[in-house]
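See below for upload-v8.txt, which holds compact mmCIF, N, CA and C atoms.
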```txt
# COMPACT_ATOMS: atom_id res chain seq x y z
N ASP A 1 -53.98 58.07 -38.13
CA ASP A 1 -54.20 57.59 -36.78
C ASP A 1 -55.43 58.29 -36.22
N GLU A 2 -56.51 57.58 -36.12
CA GLU A 2 -57.78 58.17 -35.67
C GLU A 2 -57.75 58.60 -34.21
N ARG A 3 -56.91 58.01 -33.40
CA ARG A 3 -56.83 58.44 -32.00
C ARG A 3 -56.15 59.80 -31.89
N ARG A 4 -55.15 60.04 -32.70
CA ARG A 4 -54.44 61.31 -32.66
C ARG A 4 -55.17 62.41 -33.42
N PHE A 5 -55.94 62.02 -34.42
CA PHE A 5 -56.63 62.99 -35.26
C PHE A 5 -58.11 62.63 -35.37
N PRO A 6 -58.89 62.90 -34.31
CA PRO A 6 -60.32 62.58 -34.35
C PRO A 6 -60.98 63.35 -35.49
N GLY A 7 -61.86 62.68 -36.17
CA GLY A 7 -62.53 63.29 -37.31
C GLY A 7 -61.89 62.93 -38.63
N PHE A 8 -60.67 62.37 -38.59
CA PHE A 8 -59.99 61.99 -39.82
C PHE A 8 -60.81 60.99 -40.61
N SER A 9 -61.36 60.01 -39.92
CA SER A 9 -62.15 59.00 -40.64
C SER A 9 -63.41 59.62 -41.26
N ALA A 10 -63.94 60.67 -40.63
CA ALA A 10 -65.10 61.35 -41.22
C ALA A 10 -64.73 61.98 -42.55
N MET A 11 -63.53 62.54 -42.63
CA MET A 11 -63.07 63.14 -43.89
C MET A 11 -62.88 62.06 -44.96
N ILE A 12 -62.34 60.92 -44.57
CA ILE A 12 -62.16 59.80 -45.51
C ILE A 12 -63.52 59.33 -46.00
N GLN A 13 -64.47 59.19 -45.08
CA GLN A 13 -65.82 58.74 -45.46
C GLN A 13 -66.50 59.74 -46.39
N ALA A 14 -66.28 61.03 -46.18
CA ALA A 14 -66.86 62.04 -47.06
C ALA A 14 -66.34 61.86 -48.48
N GLY A 15 -65.07 61.57 -48.60
CA GLY A 15 -64.50 61.32 -49.92
C GLY A 15 -65.10 60.10 -50.57
N LYS A 16 -65.37 59.07 -49.77
CA LYS A 16 -65.98 57.84 -50.30
C LYS A 16 -67.44 58.05 -50.67
N LYS A 17 -68.15 58.88 -49.89
CA LYS A 17 -69.55 59.17 -50.21
C LYS A 17 -69.65 59.91 -51.53
N GLY A 18 -68.71 60.82 -51.75
CA GLY A 18 -68.69 61.58 -52.98
C GLY A 18 -69.74 62.67 -53.01
N GLY A 19 -70.06 63.12 -54.20
CA GLY A 19 -71.01 64.21 -54.35
C GLY A 19 -70.53 65.44 -53.63
N THR A 20 -71.44 66.07 -52.92
CA THR A 20 -71.12 67.30 -52.21
C THR A 20 -70.57 67.06 -50.80
N ALA A 21 -70.46 65.80 -50.38
CA ALA A 21 -70.00 65.50 -49.01
C ALA A 21 -68.63 66.10 -48.69
N PRO A 22 -67.63 65.99 -49.56
CA PRO A 22 -66.34 66.59 -49.22
C PRO A 22 -66.41 68.11 -49.05
N ALA A 23 -67.18 68.78 -49.90
CA ALA A 23 -67.31 70.24 -49.77
C ALA A 23 -68.03 70.60 -48.47
N TYR A 24 -69.07 69.85 -48.14
CA TYR A 24 -69.81 70.09 -46.90
C TYR A 24 -68.89 69.96 -45.69
N LEU A 25 -68.16 68.85 -45.64
CA LEU A 25 -67.30 68.61 -44.48
C LEU A 25 -66.12 69.57 -44.44
N ASN A 26 -65.64 69.99 -45.58
CA ASN A 26 -64.57 70.99 -45.60
C ASN A 26 -65.06 72.30 -44.99
N GLY A 27 -66.25 72.74 -45.37
CA GLY A 27 -66.80 73.96 -44.79
C GLY A 27 -66.98 73.85 -43.29
N ALA A 28 -67.52 72.71 -42.86
CA ALA A 28 -67.71 72.48 -41.42
C ALA A 28 -66.37 72.48 -40.70
N ASN A 29 -65.38 71.83 -41.28
CA ASN A 29 -64.06 71.76 -40.66
C ASN A 29 -63.43 73.15 -40.51
N GLU A 30 -63.63 74.01 -41.48
CA GLU A 30 -63.08 75.37 -41.39
C GLU A 30 -63.61 76.09 -40.15
N VAL A 31 -64.92 75.99 -39.92
CA VAL A 31 -65.55 76.64 -38.77
C VAL A 31 -65.09 75.99 -37.46
N LEU A 32 -65.07 74.68 -37.42
CA LEU A 32 -64.67 73.98 -36.21
C LEU A 32 -63.20 74.21 -35.88
N ASN A 33 -62.37 74.25 -36.90
CA ASN A 33 -60.96 74.51 -36.68
C ASN A 33 -60.74 75.90 -36.12
N LEU A 34 -61.46 76.87 -36.63
CA LEU A 34 -61.35 78.23 -36.09
C LEU A 34 -61.80 78.28 -34.63
N ALA A 35 -62.91 77.61 -34.33
CA ALA A 35 -63.40 77.57 -32.94
C ALA A 35 -62.35 76.91 -32.03
N PHE A 36 -61.70 75.87 -32.52
CA PHE A 36 -60.63 75.21 -31.75
C PHE A 36 -59.48 76.18 -31.51
N ARG A 37 -59.04 76.87 -32.55
CA ARG A 37 -57.91 77.80 -32.41
C ARG A 37 -58.25 78.98 -31.52
N GLN A 38 -59.53 79.31 -31.41
CA GLN A 38 -59.96 80.39 -30.52
C GLN A 38 -60.21 79.90 -29.11
N GLY A 39 -59.99 78.61 -28.86
CA GLY A 39 -60.17 78.04 -27.54
C GLY A 39 -61.62 77.78 -27.17
N LYS A 40 -62.48 77.72 -28.17
CA LYS A 40 -63.90 77.53 -27.91
C LYS A 40 -64.31 76.06 -27.83
N LEU A 41 -63.46 75.17 -28.30
CA LEU A 41 -63.73 73.75 -28.17
C LEU A 41 -62.42 72.98 -28.21
N SER A 42 -62.46 71.80 -27.67
CA SER A 42 -61.26 70.97 -27.62
C SER A 42 -61.04 70.27 -28.95
N PHE A 43 -59.84 69.76 -29.12
CA PHE A 43 -59.50 69.02 -30.33
C PHE A 43 -60.38 67.78 -30.45
N LEU A 44 -60.63 67.10 -29.33
CA LEU A 44 -61.48 65.91 -29.36
C LEU A 44 -62.92 66.26 -29.73
N THR A 45 -63.41 67.38 -29.21
CA THR A 45 -64.76 67.81 -29.53
C THR A 45 -64.87 68.16 -31.00
N LEU A 46 -63.85 68.78 -31.56
CA LEU A 46 -63.83 69.09 -32.98
C LEU A 46 -64.09 67.83 -33.79
N GLY A 47 -63.37 66.77 -33.48
CA GLY A 47 -63.53 65.50 -34.19
C GLY A 47 -64.90 64.89 -34.00
N GLN A 48 -65.43 64.99 -32.78
CA GLN A 48 -66.75 64.42 -32.51
C GLN A 48 -67.84 65.15 -33.29
N VAL A 49 -67.77 66.47 -33.33
CA VAL A 49 -68.77 67.25 -34.05
C VAL A 49 -68.64 66.99 -35.55
N LEU A 50 -67.43 66.94 -36.05
CA LEU A 50 -67.21 66.68 -37.46
C LEU A 50 -67.78 65.32 -37.86
N THR A 51 -67.55 64.33 -37.02
CA THR A 51 -68.09 62.98 -37.29
C THR A 51 -69.61 63.00 -37.29
N ARG A 52 -70.20 63.68 -36.31
CA ARG A 52 -71.66 63.74 -36.23
C ARG A 52 -72.25 64.43 -37.46
N LEU A 53 -71.65 65.53 -37.86
CA LEU A 53 -72.15 66.24 -39.04
C LEU A 53 -72.02 65.37 -40.28
N SER A 54 -70.93 64.67 -40.40
CA SER A 54 -70.72 63.79 -41.55
C SER A 54 -71.77 62.68 -41.61
N GLU A 55 -72.10 62.14 -40.45
CA GLU A 55 -73.06 61.03 -40.40
C GLU A 55 -74.48 61.47 -40.75
N THR A 56 -74.81 62.72 -40.50
CA THR A 56 -76.18 63.18 -40.72
C THR A 56 -76.38 63.89 -42.06
N TYR A 57 -75.30 64.23 -42.74
CA TYR A 57 -75.41 64.97 -44.01
C TYR A 57 -75.75 64.01 -45.16
N LEU A 58 -76.70 64.43 -45.97
CA LEU A 58 -77.07 63.65 -47.16
C LEU A 58 -76.51 64.36 -48.39
N PRO A 59 -75.43 63.82 -48.96
CA PRO A 59 -74.80 64.49 -50.09
C PRO A 59 -75.69 64.52 -51.33
N GLN A 60 -75.49 65.56 -52.10
CA GLN A 60 -76.17 65.74 -53.37
C GLN A 60 -75.14 65.60 -54.49
N PRO A 61 -75.60 65.46 -55.73
CA PRO A 61 -74.63 65.42 -56.83
C PRO A 61 -73.84 66.73 -56.89
N ALA A 62 -72.57 66.61 -57.10
CA ALA A 62 -71.70 67.80 -57.19
C ALA A 62 -71.50 68.12 -58.67
N ASN A 63 -72.61 68.46 -59.33
CA ASN A 63 -72.56 68.64 -60.78
C ASN A 63 -72.46 70.09 -61.23
N THR A 64 -72.48 71.02 -60.27
CA THR A 64 -72.29 72.43 -60.61
C THR A 64 -71.45 73.10 -59.53
N GLU A 65 -70.84 74.20 -59.89
CA GLU A 65 -70.09 74.97 -58.89
C GLU A 65 -71.03 75.46 -57.80
N THR A 66 -72.25 75.78 -58.18
CA THR A 66 -73.23 76.26 -57.20
C THR A 66 -73.54 75.19 -56.16
N SER A 67 -73.71 73.95 -56.59
CA SER A 67 -74.03 72.88 -55.63
C SER A 67 -72.87 72.66 -54.67
N ILE A 68 -71.65 72.78 -55.15
CA ILE A 68 -70.48 72.62 -54.29
C ILE A 68 -70.38 73.78 -53.31
N TYR A 69 -70.57 74.99 -53.81
CA TYR A 69 -70.52 76.18 -52.95
C TYR A 69 -71.62 76.11 -51.87
N GLN A 70 -72.82 75.72 -52.27
CA GLN A 70 -73.92 75.64 -51.31
C GLN A 70 -73.65 74.59 -50.25
N ALA A 71 -73.05 73.47 -50.63
CA ALA A 71 -72.70 72.43 -49.65
C ALA A 71 -71.67 72.96 -48.66
N ASP A 72 -70.67 73.68 -49.15
CA ASP A 72 -69.67 74.27 -48.27
C ASP A 72 -70.33 75.24 -47.30
N GLN A 73 -71.20 76.09 -47.79
CA GLN A 73 -71.88 77.07 -46.94
C GLN A 73 -72.78 76.38 -45.92
N GLN A 74 -73.45 75.29 -46.33
CA GLN A 74 -74.30 74.56 -45.39
C GLN A 74 -73.46 73.90 -44.30
N GLY A 75 -72.30 73.37 -44.67
CA GLY A 75 -71.40 72.79 -43.68
C GLY A 75 -70.94 73.82 -42.66
N ARG A 76 -70.63 75.02 -43.13
CA ARG A 76 -70.23 76.10 -42.23
C ARG A 76 -71.37 76.47 -41.29
N ALA A 77 -72.56 76.61 -41.84
CA ALA A 77 -73.72 76.99 -41.02
C ALA A 77 -74.04 75.91 -39.98
N ASP A 78 -74.00 74.64 -40.41
CA ASP A 78 -74.29 73.54 -39.47
C ASP A 78 -73.23 73.47 -38.37
N ALA A 79 -71.98 73.71 -38.72
CA ALA A 79 -70.92 73.69 -37.71
C ALA A 79 -71.08 74.85 -36.73
N GLU A 80 -71.41 76.03 -37.23
CA GLU A 80 -71.64 77.18 -36.35
C GLU A 80 -72.78 76.89 -35.38
N GLN A 81 -73.84 76.28 -35.90
CA GLN A 81 -74.97 75.94 -35.04
C GLN A 81 -74.56 74.90 -34.00
N ALA A 82 -73.77 73.92 -34.39
CA ALA A 82 -73.32 72.88 -33.45
C ALA A 82 -72.46 73.49 -32.34
N VAL A 83 -71.60 74.43 -32.69
CA VAL A 83 -70.75 75.09 -31.68
C VAL A 83 -71.64 75.89 -30.73
N THR A 84 -72.60 76.60 -31.27
CA THR A 84 -73.51 77.41 -30.44
C THR A 84 -74.36 76.52 -29.54
N GLN A 85 -74.91 75.44 -30.08
CA GLN A 85 -75.77 74.54 -29.29
C GLN A 85 -75.00 73.84 -28.20
N ALA A 86 -73.73 73.59 -28.43
CA ALA A 86 -72.92 72.94 -27.42
C ALA A 86 -72.53 73.89 -26.30
N GLY A 87 -72.91 75.15 -26.48
CA GLY A 87 -72.59 76.14 -25.46
C GLY A 87 -71.13 76.50 -25.41
N ILE A 88 -70.47 76.29 -26.55
CA ILE A 88 -69.05 76.56 -26.59
C ILE A 88 -68.71 77.66 -27.57
N GLY A 89 -69.71 78.32 -28.13
CA GLY A 89 -69.43 79.34 -29.12
C GLY A 89 -69.73 80.66 -28.68
```
Mind turning this structure into structure tokens?
Amino acid sequence: DERRFPGFSAMIQAGKKGGTAPAYLNGANEVLNLAFRQGKLSFLTLGQVLTRLSETYLPQPANTETSIYQADQQGRADAEQAVTQAGIG
């Protein structure tokens, strides 16, 4: 239910995109979820930021552990920057 769980469709789309997209969005979600639990952003904002990050990320082939790890780290960094830029971090 996308109304109850904003950002869910972004996770589904990441799986469909393939490559490093799921790792990227997982990393971003970890940071955004922590910010939500710390009261730094709302649940709806979490979904909006996750969707925006998903739409702008260009996945690479996930052919090595390094590429997957780097995508996860990039997702975390991009999410941290989004929280900071939104003035909520």
Name the residues in contact with range 26-38 of chain A at a cut-off of 5 Å, using only N, CA and C atoms, excluding same-chain residues fewer than 6 positions from it; report them as a list in words.
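Skipping anything fewer than 6 positions along the chain leaves Asp72, Gly75 and Arg76 of chain A.
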If you count only N, CA and C atoms, which residues fall within 8 Å of Pro61 in chain A, apart from same-chain ones fewer than 2 positions away, as a VMD selection string?
chain A and resid 18 to 21 58 to 59 63 to 64 67 to 68
Looking at only C-alpha atoms, which of A:Leu25, A:Gln60, A:Val83, A:Ala71 is the one that sits closest to Gln13 in chain A?
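Closest residue, counting only C-alpha atoms: A:Leu25.
The space between atom C of Gln74 in chain A and CA of Ala23 in chain A spans 9.0 Å.
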Please run DSSP on the backbone and report, as a VMD selection string, all residues within chain A that come out as alpha helix (DSSP H).
chain A and resid 8 to 17 21 to 37 43 to 56 65 to 85
Just the number, please: distance in Å from CA of Ser9 in chain A to atom N of Glu65 in chain A, one decimal.
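Going from CA of Ser9 in chain A over to atom N of Glu65 in chain A covers 26.0 Å.
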How many Å lie between atom N of Leu41 in chain A and CA of Glu55 in chain A, rounded to one decimal?
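Atom-to-atom, atom N of Leu41 in chain A to CA of Glu55 in chain A, that is 20.9 Å.
Across A:Ala79, A:Ala62, A:Thr84, A:Tyr24, the tightest approach to Val49 in chain A is made by A:Ala79 when counting only N, CA and C atoms.
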Draw an axis-aligned box tight on the listed atoms of range 11-27 of chain A, then pad every side by 4 Å and write out centre and edge lengths in Å to one decimal as lines of an AutoDock Vina configuration file.
```
center_x = -66.8
center_y = 65.9
center_z = -48.5
size_x = 17.3
size_y = 24.1
size_z = 19.7
```
Between A:Leu50, A:Thr45, A:Thr66, A:Phe5, which residue has the minimum interatomic distance to Ala86 in chain A, considering only C-alpha atoms?
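Checking each candidate against Ala86 in chain A, we get A:Thr45 as the closest.
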